[in-house]
Amino acid sequence: MLYLAVDELRTANWQRTKDGQKGRNRPKPISPLATKPGIRTGRTDRSPAEVQALLARYGPART
């Protein structure tokens, strides 16, 4: 968790620099939990109706 906080602080400081205002030389994350840009999780070939039916069947019980 500390790595994520450090990454956010580094990004916030970078945004205030001339490089950050022009969108170049972005700092690389040091956290092993940081997601890589462009990678999407949860991709499926199923239809939205099928996903909804599966979630209703196997998802958490409604309270």
# chains A, B, ... in the order shown; residues from 1 in each chain; ligands from 1
>>> select_by_dssp(residues="region 12-56 of chain A", states="alpha helix (DSSP H)", output="MDAnalysis selection string")
chainID A and resid 12:15 18:22 48:56
>>> residues_around(residues="Asn25 (chain A)", least_positions_apart="4", cutoff="9 Å", atoms="only C-alpha atoms", output="number ranges by chain")
A: 14, 19-20
>>> write_last_selection(atoms="N, CA and C atoms", output="mmCIF file, in the first residue's frame")
data_model
loop_
_atom_site.group_PDB
_atom_site.id
_atom_site.type_symbol
_atom_site.label_atom_id
_atom_site.label_comp_id
_atom_site.auth_asym_id
_atom_site.auth_seq_id
_atom_site.Cartn_x
_atom_site.Cartn_y
_atom_site.Cartn_z
ATOM 1 N N TRP A 14 4.768 15.300 -10.517
ATOM 2 C CA TRP A 14 5.105 15.372 -11.930
ATOM 3 C C TRP A 14 4.112 16.248 -12.686
ATOM 4 N N ASP A 19 7.212 19.237 -17.631
ATOM 5 C CA ASP A 19 7.025 17.969 -18.345
ATOM 6 C C ASP A 19 5.606 17.444 -18.158
ATOM 7 N N GLY A 20 5.088 17.549 -16.956
ATOM 8 C CA GLY A 20 3.740 17.067 -16.681
ATOM 9 C C GLY A 20 2.680 17.854 -17.413
#
>>> residues_around(residues="Met1 (chain A)", least_positions_apart="3", cutoff="10 Å", atoms="only C-alpha atoms", output="PDB file with N, CA, C and O atoms, in the first residue's frame")
ATOM      1  N   LEU A   4       1.830   2.304  -3.471  1.00  0.00           N
ATOM      2  CA  LEU A   4       0.764   2.988  -4.207  1.00  0.00           C
ATOM      3  C   LEU A   4       0.687   4.459  -3.807  1.00  0.00           C
ATOM      4  O   LEU A   4       0.490   5.333  -4.646  1.00  0.00           O
ATOM      5  N   ALA A   5       0.849   4.740  -2.514  1.00  0.00           N
ATOM      6  CA  ALA A   5       0.834   6.133  -2.050  1.00  0.00           C
ATOM      7  C   ALA A   5       2.011   6.908  -2.633  1.00  0.00           C
ATOM      8  O   ALA A   5       1.855   8.055  -3.077  1.00  0.00           O
ATOM      9  N   VAL A   6       3.170   6.285  -2.649  1.00  0.00           N
ATOM     10  CA  VAL A   6       4.358   6.938  -3.218  1.00  0.00           C
ATOM     11  C   VAL A   6       4.154   7.200  -4.704  1.00  0.00           C
ATOM     12  O   VAL A   6       4.493   8.285  -5.209  1.00  0.00           O
ATOM     13  N   ASP A   7       3.585   6.232  -5.420  1.00  0.00           N
ATOM     14  CA  ASP A   7       3.316   6.421  -6.848  1.00  0.00           C
ATOM     15  C   ASP A   7       2.385   7.606  -7.079  1.00  0.00           C
ATOM     16  O   ASP A   7       2.594   8.409  -7.999  1.00  0.00           O
ATOM     17  N   SER A  31       5.250   0.484  -7.692  1.00  0.00           N
ATOM     18  CA  SER A  31       4.406  -0.493  -7.020  1.00  0.00           C
ATOM     19  C   SER A  31       4.194  -1.726  -7.892  1.00  0.00           C
ATOM     20  O   SER A  31       3.877  -1.609  -9.069  1.00  0.00           O
ATOM     21  N   PRO A  32       4.337  -2.923  -7.303  1.00  0.00           N
ATOM     22  CA  PRO A  32       4.028  -4.124  -8.068  1.00  0.00           C
ATOM     23  C   PRO A  32       2.526  -4.276  -8.311  1.00  0.00           C
ATOM     24  O   PRO A  32       2.109  -5.064  -9.144  1.00  0.00           O
ATOM     25  N   LEU A  33       1.709  -3.510  -7.600  1.00  0.00           N
ATOM     26  CA  LEU A  33       0.259  -3.581  -7.759  1.00  0.00           C
ATOM     27  C   LEU A  33      -0.273  -2.619  -8.810  1.00  0.00           C
ATOM     28  O   LEU A  33      -1.446  -2.681  -9.159  1.00  0.00           O
TER      29      LEU A  33
END
>>> atom_distance(atom1="CA of Pro60 (chain A)", atom2="CA of Arg43 (chain A)")
20.6 Å
>>> residues_around(residues="Arg10 (chain A)", least_positions_apart="5", cutoff="10 Å", atoms="only C-alpha atoms", output="PyMOL selection string")
chain A and resi 4-5+15+26-30
